[in-house]
Amino acid sequence: MPDFKLINAQLAALLANETNLIANLANASALLNDSVDQLNWTGFYLYDPKGDELVLGPFQGHPACMHIAMNKGVCGQAAAQKQTLAVDDVTTFPGYISCDAAAQSELVVPLIKHRRLVGVLDLDAPVKNRFDAKLQIGIKSFVDELIKHLD
C-alpha cells in the first residue's frame, strides 16, 4: 500500500507557490503514477462548462479519449454525480468507454472546489479489483491535497 502521508507531502511541496493549473495537474499525475503500482493510465479530465463535457487534461499513459460527455462512461457519470466511482471490472460497467484495451478496472474521483466541478482524476489499472477501499481513501486524500493548490 502506498504511503499517502508521504505522497501528499511530496505533492504539497511540488505545488507550493505554483498557480498554473496545467503545470500542477501534470506534476500531480506524474507523482501519482510513479507512487502507485499497477496503473496503466493516470490523469485528469477538465470540465468545460461551455460544452458541458470533460476534456482531456494532463496525464501519464497511452493516448486517450479527448472529449467525454457528462453522464457517459465512468468519468462522465462520476463528474455528473460529483461522486467517486470505483469499477472493479470495466466489462461489467454499462456504457463503459474503452480508451485503452488493457484497462480492467477504473477509479474516478471528482475534483470539486468551492462546490464547483473542476474535473476528474481518472485512474485505470491493467488488473481487476485494483481499487480497494484503502486505496480509494488514499487517492481521495491525494485529491483533497491537490484541491488546496488549485485556483
# chains A, B, ... in the order shown; residues from 1 in each chain; ligands from 1
>>> closest_atom_pairs(of="range 6-78 of chain A", to="range 103-116 of chain A", cutoff="12 Å", atoms="only C-alpha atoms", output="JSON lines")
{"residue": "A:Leu25", "atom": "CA", "partner": "A:Leu111", "partner_atom": "CA", "distance": 11.2}
{"residue": "A:Gln38", "atom": "CA", "partner": "A:Ala103", "partner_atom": "CA", "distance": 10.4}
{"residue": "A:Leu39", "atom": "CA", "partner": "A:Ala103", "partner_atom": "CA", "distance": 8.7}
{"residue": "A:Asn40", "atom": "CA", "partner": "A:Ala103", "partner_atom": "CA", "distance": 7.1}
{"residue": "A:Trp41", "atom": "CA", "partner": "A:Ala103", "partner_atom": "CA", "distance": 8.2}
{"residue": "A:Thr42", "atom": "CA", "partner": "A:Leu107", "partner_atom": "CA", "distance": 9.8}
{"residue": "A:Gly43", "atom": "CA", "partner": "A:Val108", "partner_atom": "CA", "distance": 9.8}
{"residue": "A:Phe44", "atom": "CA", "partner": "A:Leu111", "partner_atom": "CA", "distance": 9.3}
{"residue": "A:Tyr45", "atom": "CA", "partner": "A:Pro110", "partner_atom": "CA", "distance": 9.4}
{"residue": "A:Leu46", "atom": "CA", "partner": "A:Leu111", "partner_atom": "CA", "distance": 8.9}
{"residue": "A:Tyr47", "atom": "CA", "partner": "A:Leu111", "partner_atom": "CA", "distance": 9.4}
{"residue": "A:Asp48", "atom": "CA", "partner": "A:Arg116", "partner_atom": "CA", "distance": 11.7}
{"residue": "A:Pro49", "atom": "CA", "partner": "A:Arg116", "partner_atom": "CA", "distance": 10.5}
{"residue": "A:Leu54", "atom": "CA", "partner": "A:Pro110", "partner_atom": "CA", "distance": 11.2}
{"residue": "A:Gly61", "atom": "CA", "partner": "A:Ala103", "partner_atom": "CA", "distance": 11.1}
{"residue": "A:His62", "atom": "CA", "partner": "A:Ala103", "partner_atom": "CA", "distance": 10.9}
{"residue": "A:Ala64", "atom": "CA", "partner": "A:Ala103", "partner_atom": "CA", "distance": 11.7}
{"residue": "A:Gly73", "atom": "CA", "partner": "A:Val108", "partner_atom": "CA", "distance": 10.4}
{"residue": "A:Val74", "atom": "CA", "partner": "A:Val108", "partner_atom": "CA", "distance": 6.9}
{"residue": "A:Cys75", "atom": "CA", "partner": "A:Val108", "partner_atom": "CA", "distance": 6.0}
{"residue": "A:Gly76", "atom": "CA", "partner": "A:Val108", "partner_atom": "CA", "distance": 9.3}
{"residue": "A:Gln77", "atom": "CA", "partner": "A:Val108", "partner_atom": "CA", "distance": 9.2}
{"residue": "A:Ala78", "atom": "CA", "partner": "A:Pro110", "partner_atom": "CA", "distance": 6.4}
>>> write_last_selection(atoms="N, CA, C and O atoms", output="JSON list (two decimals), in the first residue's frame")
[["chain", "number", "residue", "atom", "x", "y", "z"],
["A", 25, "LEU", "N", -1.45, 19.98, -12.46],
["A", 25, "LEU", "CA", -2.05, 18.68, -12.78],
["A", 25, "LEU", "C", -1.04, 17.75, -13.44],
["A", 25, "LEU", "O", -1.07, 16.54, -13.21],
["A", 38, "GLN", "N", 0.67, -0.82, -10.47],
["A", 38, "GLN", "CA", -0.44, -1.43, -11.22],
["A", 38, "GLN", "C", -1.44, -0.39, -11.75],
["A", 38, "GLN", "O", -2.65, -0.60, -11.69],
["A", 39, "LEU", "N", -0.91, 0.70, -12.29],
["A", 39, "LEU", "CA", -1.74, 1.67, -13.01],
["A", 39, "LEU", "C", -1.24, 1.71, -14.44],
["A", 39, "LEU", "O", -0.04, 1.64, -14.69],
["A", 40, "ASN", "N", -2.16, 1.82, -15.39],
["A", 40, "ASN", "CA", -1.71, 1.99, -16.77],
["A", 40, "ASN", "C", -2.19, 3.30, -17.38],
["A", 40, "ASN", "O", -1.85, 3.61, -18.51],
["A", 41, "TRP", "N", -2.94, 4.08, -16.59],
["A", 41, "TRP", "CA", -3.33, 5.43, -17.02],
["A", 41, "TRP", "C", -3.67, 6.24, -15.78],
["A", 41, "TRP", "O", -4.44, 5.79, -14.93],
["A", 42, "THR", "N", -3.05, 7.40, -15.69],
["A", 42, "THR", "CA", -3.24, 8.28, -14.53],
["A", 42, "THR", "C", -3.37, 9.69, -15.06],
["A", 42, "THR", "O", -2.41, 10.22, -15.64],
["A", 43, "GLY", "N", -4.52, 10.29, -14.91],
["A", 43, "GLY", "CA", -4.65, 11.63, -15.45],
["A", 43, "GLY", "C", -5.95, 12.32, -15.11],
["A", 43, "GLY", "O", -6.75, 11.84, -14.31],
["A", 44, "PHE", "N", -6.11, 13.45, -15.77],
["A", 44, "PHE", "CA", -7.23, 14.34, -15.47],
["A", 44, "PHE", "C", -8.04, 14.65, -16.72],
["A", 44, "PHE", "O", -7.50, 14.76, -17.82],
["A", 45, "TYR", "N", -9.32, 14.78, -16.50],
["A", 45, "TYR", "CA", -10.23, 15.37, -17.47],
["A", 45, "TYR", "C", -10.78, 16.63, -16.82],
["A", 45, "TYR", "O", -11.18, 16.60, -15.65],
["A", 46, "LEU", "N", -10.79, 17.73, -17.55],
["A", 46, "LEU", "CA", -11.24, 19.01, -17.02],
["A", 46, "LEU", "C", -12.64, 19.33, -17.54],
["A", 46, "LEU", "O", -12.94, 19.09, -18.71],
["A", 47, "TYR", "N", -13.45, 19.88, -16.66],
["A", 47, "TYR", "CA", -14.82, 20.20, -17.03],
["A", 47, "TYR", "C", -14.85, 21.48, -17.86],
["A", 47, "TYR", "O", -14.29, 22.51, -17.48],
["A", 48, "ASP", "N", -15.51, 21.40, -19.01],
["A", 48, "ASP", "CA", -15.73, 22.54, -19.89],
["A", 48, "ASP", "C", -17.20, 22.89, -19.82],
["A", 48, "ASP", "O", -18.03, 22.19, -20.42],
["A", 49, "PRO", "N", -17.56, 23.96, -19.08],
["A", 49, "PRO", "CA", -18.98, 24.30, -18.93],
["A", 49, "PRO", "C", -19.64, 24.73, -20.25],
["A", 49, "PRO", "O", -20.83, 24.53, -20.43],
["A", 54, "LEU", "N", -16.30, 16.80, -20.42],
["A", 54, "LEU", "CA", -14.96, 16.69, -19.88],
["A", 54, "LEU", "C", -13.98, 16.68, -21.05],
["A", 54, "LEU", "O", -14.23, 16.02, -22.07],
["A", 61, "GLY", "N", 0.38, 7.93, -19.57],
["A", 61, "GLY", "CA", -0.18, 6.72, -20.16],
["A", 61, "GLY", "C", -0.31, 6.85, -21.66],
["A", 61, "GLY", "O", 0.22, 7.77, -22.28],
["A", 62, "HIS", "N", -1.05, 5.91, -22.24],
["A", 62, "HIS", "CA", -1.28, 5.90, -23.68],
["A", 62, "HIS", "C", -2.23, 7.02, -24.08],
["A", 62, "HIS", "O", -2.98, 7.53, -23.24],
["A", 64, "ALA", "N", -5.44, 9.03, -25.15],
["A", 64, "ALA", "CA", -6.76, 8.80, -24.54],
["A", 64, "ALA", "C", -7.86, 9.56, -25.27],
["A", 64, "ALA", "O", -7.59, 10.42, -26.12],
["A", 73, "GLY", "N", -19.86, 7.00, -19.70],
["A", 73, "GLY", "CA", -18.70, 6.30, -19.16],
["A", 73, "GLY", "C", -18.53, 6.53, -17.68],
["A", 73, "GLY", "O", -19.34, 7.19, -17.03],
["A", 74, "VAL", "N", -17.46, 6.01, -17.13],
["A", 74, "VAL", "CA", -17.19, 6.15, -15.70],
["A", 74, "VAL", "C", -16.89, 7.61, -15.37],
["A", 74, "VAL", "O", -17.42, 8.17, -14.39],
["A", 75, "CYS", "N", -16.06, 8.25, -16.18],
["A", 75, "CYS", "CA", -15.70, 9.65, -15.92],
["A", 75, "CYS", "C", -16.91, 10.57, -15.98],
["A", 75, "CYS", "O", -17.10, 11.41, -15.09],
["A", 76, "GLY", "N", -17.70, 10.44, -17.02],
["A", 76, "GLY", "CA", -18.87, 11.31, -17.18],
["A", 76, "GLY", "C", -19.90, 11.12, -16.09],
["A", 76, "GLY", "O", -20.53, 12.08, -15.63],
["A", 77, "GLN", "N", -20.07, 9.88, -15.65],
["A", 77, "GLN", "CA", -21.03, 9.63, -14.56],
["A", 77, "GLN", "C", -20.51, 10.17, -13.23],
["A", 77, "GLN", "O", -21.25, 10.79, -12.48],
["A", 78, "ALA", "N", -19.22, 9.94, -12.94],
["A", 78, "ALA", "CA", -18.64, 10.46, -11.70],
["A", 78, "ALA", "C", -18.71, 11.99, -11.67],
["A", 78, "ALA", "O", -19.03, 12.58, -10.63]]
>>> select_by_dssp(residues="chain A", states="alpha helix (DSSP H)", output="number ranges by chain")
A: 4-15, 21-35, 73-81, 133-148
>>> write_last_selection(atoms="C-alpha atoms", output="compact mmCIF listing (two decimals), in the first residue's frame")
# COMPACT_ATOMS: atom_id res chain seq x y z
CA PHE A 4 -0.18 8.62 1.13
CA LYS A 5 1.05 10.74 4.03
CA LEU A 6 4.44 10.91 2.26
CA ILE A 7 2.91 11.21 -1.24
CA ASN A 8 0.65 14.06 -0.13
CA ALA A 9 3.61 15.87 1.48
CA GLN A 10 5.52 15.48 -1.80
CA LEU A 11 2.52 16.82 -3.69
CA ALA A 12 2.26 19.86 -1.42
CA ALA A 13 5.97 20.58 -1.91
CA LEU A 14 5.72 20.17 -5.70
CA LEU A 15 2.76 22.54 -5.96
CA LEU A 21 -3.46 24.61 -13.39
CA ILE A 22 -1.85 22.60 -16.19
CA ALA A 23 1.56 22.54 -14.51
CA ASN A 24 0.04 21.44 -11.21
CA LEU A 25 -2.05 18.68 -12.78
CA ALA A 26 0.91 17.48 -14.85
CA ASN A 27 3.08 17.11 -11.76
CA ALA A 28 0.22 15.55 -9.77
CA SER A 29 -0.39 12.90 -12.45
CA ALA A 30 3.33 12.11 -12.69
CA LEU A 31 3.72 11.83 -8.91
CA LEU A 32 0.68 9.57 -8.53
CA ASN A 33 1.69 7.39 -11.48
CA ASP A 34 5.17 6.95 -10.01
CA SER A 35 3.86 6.26 -6.48
CA GLY A 73 -18.70 6.30 -19.16
CA VAL A 74 -17.19 6.15 -15.70
CA CYS A 75 -15.70 9.65 -15.92
CA GLY A 76 -18.87 11.31 -17.18
CA GLN A 77 -21.03 9.63 -14.56
CA ALA A 78 -18.64 10.46 -11.70
CA ALA A 79 -18.49 14.07 -12.88
CA ALA A 80 -22.25 14.44 -13.29
CA GLN A 81 -22.93 12.87 -9.89
CA ALA A 133 -11.34 0.69 -0.01
CA LYS A 134 -7.92 1.53 1.49
CA LEU A 135 -6.50 2.65 -1.84
CA GLN A 136 -9.63 4.71 -2.54
CA ILE A 137 -9.19 6.52 0.79
CA GLY A 138 -5.56 7.25 -0.08
CA ILE A 139 -6.42 8.53 -3.56
CA LYS A 140 -9.19 10.73 -2.13
CA SER A 141 -6.70 12.21 0.37
CA PHE A 142 -4.40 12.95 -2.58
CA VAL A 143 -7.25 14.75 -4.36
CA ASP A 144 -8.04 16.70 -1.17
CA GLU A 145 -4.42 17.89 -1.04
CA LEU A 146 -4.44 18.71 -4.76
CA ILE A 147 -7.64 20.76 -4.49
CA LYS A 148 -5.94 23.05 -1.91
>>> select_by_dssp(residues="chain A", states="strand (DSSP E)", output="PyMOL selection string")
chain A and resi 41-48+53-61+67-69+85-87+105-113+116-125
>>> atom_distance(atom1="CA of Pro2 in chain A", atom2="CA of Val55 in chain A")
28.5 Å
>>> closest_residue(among="A:Thr84, A:Lys50, A:Pro58, A:Gly95", to="Lys72 in chain A", atoms="only C-alpha atoms")
A:Gly95
>>> closest_residue(among="A:Ala102, A:Val87, A:Val118, A:Val127", to="Glu53 in chain A", atoms="only C-alpha atoms")
A:Val118
>>> atom_distance(atom1="CA of Pro63 in chain A", atom2="CA of Glu18 in chain A")
26.5 Å
>>> closest_residue(among="A:Gly51, A:Asp151, A:Val36, A:Gly57", to="Asp124 in chain A", atoms="only C-alpha atoms")
A:Val36
>>> atom_distance(atom1="CA of Pro126 in chain A", atom2="CA of Cys99 in chain A")
12.6 Å
>>> decode(residues="range 55-99 of chain A", atoms="N, CA and C atoms", output="short mmCIF file (atom, residue, chain, number, x, y, z; two decimals), in the first residue's frame")
data_model
loop_
_atom_site.label_atom_id
_atom_site.label_comp_id
_atom_site.auth_asym_id
_atom_site.auth_seq_id
_atom_site.Cartn_x
_atom_site.Cartn_y
_atom_site.Cartn_z
N VAL A 55 -12.87 17.40 -20.89
CA VAL A 55 -11.85 17.49 -21.93
C VAL A 55 -10.53 16.99 -21.35
N LEU A 56 -9.82 16.20 -22.12
CA LEU A 56 -8.56 15.62 -21.70
C LEU A 56 -7.60 16.68 -21.17
N GLY A 57 -7.02 16.37 -20.01
CA GLY A 57 -6.01 17.23 -19.40
C GLY A 57 -4.71 16.46 -19.26
N PRO A 58 -3.80 16.93 -18.40
CA PRO A 58 -2.52 16.26 -18.21
C PRO A 58 -2.69 14.81 -17.75
N PHE A 59 -1.83 13.93 -18.27
CA PHE A 59 -1.93 12.51 -17.91
C PHE A 59 -0.62 11.80 -18.16
N GLN A 60 -0.55 10.58 -17.62
CA GLN A 60 0.55 9.64 -17.85
C GLN A 60 -0.09 8.39 -18.42
N GLY A 61 0.38 7.93 -19.57
CA GLY A 61 -0.18 6.72 -20.16
C GLY A 61 -0.31 6.85 -21.66
N HIS A 62 -1.05 5.91 -22.24
CA HIS A 62 -1.28 5.90 -23.68
C HIS A 62 -2.23 7.02 -24.08
N PRO A 63 -2.26 7.40 -25.37
CA PRO A 63 -3.22 8.39 -25.83
C PRO A 63 -4.63 8.01 -25.39
N ALA A 64 -5.44 9.03 -25.15
CA ALA A 64 -6.76 8.80 -24.54
C ALA A 64 -7.86 9.56 -25.27
N CYS A 65 -9.08 9.24 -24.92
CA CYS A 65 -10.24 9.96 -25.44
C CYS A 65 -10.10 11.43 -25.09
N MET A 66 -10.42 12.30 -26.01
CA MET A 66 -10.23 13.73 -25.76
C MET A 66 -11.46 14.41 -25.19
N HIS A 67 -12.65 13.92 -25.52
CA HIS A 67 -13.88 14.53 -25.02
C HIS A 67 -14.78 13.43 -24.46
N ILE A 68 -15.34 13.69 -23.28
CA ILE A 68 -16.28 12.74 -22.68
C ILE A 68 -17.52 13.53 -22.25
N ALA A 69 -18.67 13.14 -22.76
CA ALA A 69 -19.92 13.80 -22.40
C ALA A 69 -20.28 13.51 -20.95
N MET A 70 -20.92 14.46 -20.33
CA MET A 70 -21.40 14.25 -18.97
C MET A 70 -22.36 13.06 -18.97
N ASN A 71 -22.29 12.25 -17.93
CA ASN A 71 -23.10 11.04 -17.75
C ASN A 71 -22.67 9.88 -18.64
N LYS A 72 -21.61 10.03 -19.43
CA LYS A 72 -21.14 8.95 -20.30
C LYS A 72 -19.89 8.32 -19.70
N GLY A 73 -19.86 7.00 -19.70
CA GLY A 73 -18.70 6.30 -19.16
C GLY A 73 -18.53 6.53 -17.68
N VAL A 74 -17.46 6.01 -17.13
CA VAL A 74 -17.19 6.15 -15.70
C VAL A 74 -16.89 7.61 -15.37
N CYS A 75 -16.06 8.25 -16.18
CA CYS A 75 -15.70 9.65 -15.92
C CYS A 75 -16.91 10.57 -15.98
N GLY A 76 -17.70 10.44 -17.02
CA GLY A 76 -18.87 11.31 -17.18
C GLY A 76 -19.90 11.12 -16.09
N GLN A 77 -20.07 9.88 -15.65
CA GLN A 77 -21.03 9.63 -14.56
C GLN A 77 -20.51 10.17 -13.23
N ALA A 78 -19.22 9.94 -12.94
CA ALA A 78 -18.64 10.46 -11.70
C ALA A 78 -18.71 11.99 -11.67
N ALA A 79 -18.44 12.61 -12.80
CA ALA A 79 -18.49 14.07 -12.88
C ALA A 79 -19.91 14.59 -12.69
N ALA A 80 -20.86 13.99 -13.38
CA ALA A 80 -22.25 14.44 -13.29
C ALA A 80 -22.80 14.26 -11.88
N GLN A 81 -22.45 13.16 -11.24
CA GLN A 81 -22.93 12.87 -9.89
C GLN A 81 -22.09 13.53 -8.80
N LYS A 82 -20.91 14.03 -9.20
CA LYS A 82 -19.94 14.60 -8.26
C LYS A 82 -19.63 13.61 -7.14
N GLN A 83 -19.47 12.34 -7.55
CA GLN A 83 -19.16 11.27 -6.60
C GLN A 83 -18.11 10.35 -7.18
N THR A 84 -17.28 9.82 -6.29
CA THR A 84 -16.26 8.86 -6.70
C THR A 84 -16.93 7.59 -7.20
N LEU A 85 -16.38 7.05 -8.28
CA LEU A 85 -16.85 5.77 -8.82
C LEU A 85 -15.67 4.83 -8.95
N ALA A 86 -15.80 3.66 -8.35
CA ALA A 86 -14.80 2.60 -8.49
C ALA A 86 -15.46 1.45 -9.24
N VAL A 87 -14.80 0.98 -10.29
CA VAL A 87 -15.31 -0.11 -11.10
C VAL A 87 -14.29 -1.25 -11.04
N ASP A 88 -14.68 -2.35 -10.44
CA ASP A 88 -13.78 -3.49 -10.27
C ASP A 88 -13.49 -4.23 -11.58
N ASP A 89 -14.47 -4.22 -12.49
CA ASP A 89 -14.33 -4.90 -13.78
C ASP A 89 -15.05 -4.05 -14.82
N VAL A 90 -14.28 -3.35 -15.65
CA VAL A 90 -14.87 -2.40 -16.58
C VAL A 90 -15.80 -3.07 -17.60
N THR A 91 -15.64 -4.36 -17.83
CA THR A 91 -16.51 -5.04 -18.80
C THR A 91 -17.94 -5.15 -18.29
N THR A 92 -18.14 -4.93 -17.00
CA THR A 92 -19.49 -5.02 -16.43
C THR A 92 -20.15 -3.66 -16.27
N PHE A 93 -19.45 -2.59 -16.64
CA PHE A 93 -19.99 -1.23 -16.46
C PHE A 93 -20.77 -0.81 -17.69
N PRO A 94 -22.08 -0.59 -17.55
CA PRO A 94 -22.88 -0.18 -18.71
C PRO A 94 -22.38 1.15 -19.29
N GLY A 95 -22.14 1.18 -20.58
CA GLY A 95 -21.70 2.40 -21.24
C GLY A 95 -20.22 2.71 -21.05
N TYR A 96 -19.45 1.72 -20.64
CA TYR A 96 -18.01 1.93 -20.44
C TYR A 96 -17.37 2.42 -21.74
N ILE A 97 -16.51 3.43 -21.62
CA ILE A 97 -15.78 3.96 -22.77
C ILE A 97 -14.37 3.40 -22.72
N SER A 98 -14.01 2.60 -23.68
CA SER A 98 -12.69 1.96 -23.71
C SER A 98 -11.71 2.82 -24.50
N CYS A 99 -10.79 3.45 -23.79
CA CYS A 99 -9.72 4.20 -24.46
C CYS A 99 -8.44 3.38 -24.52
#
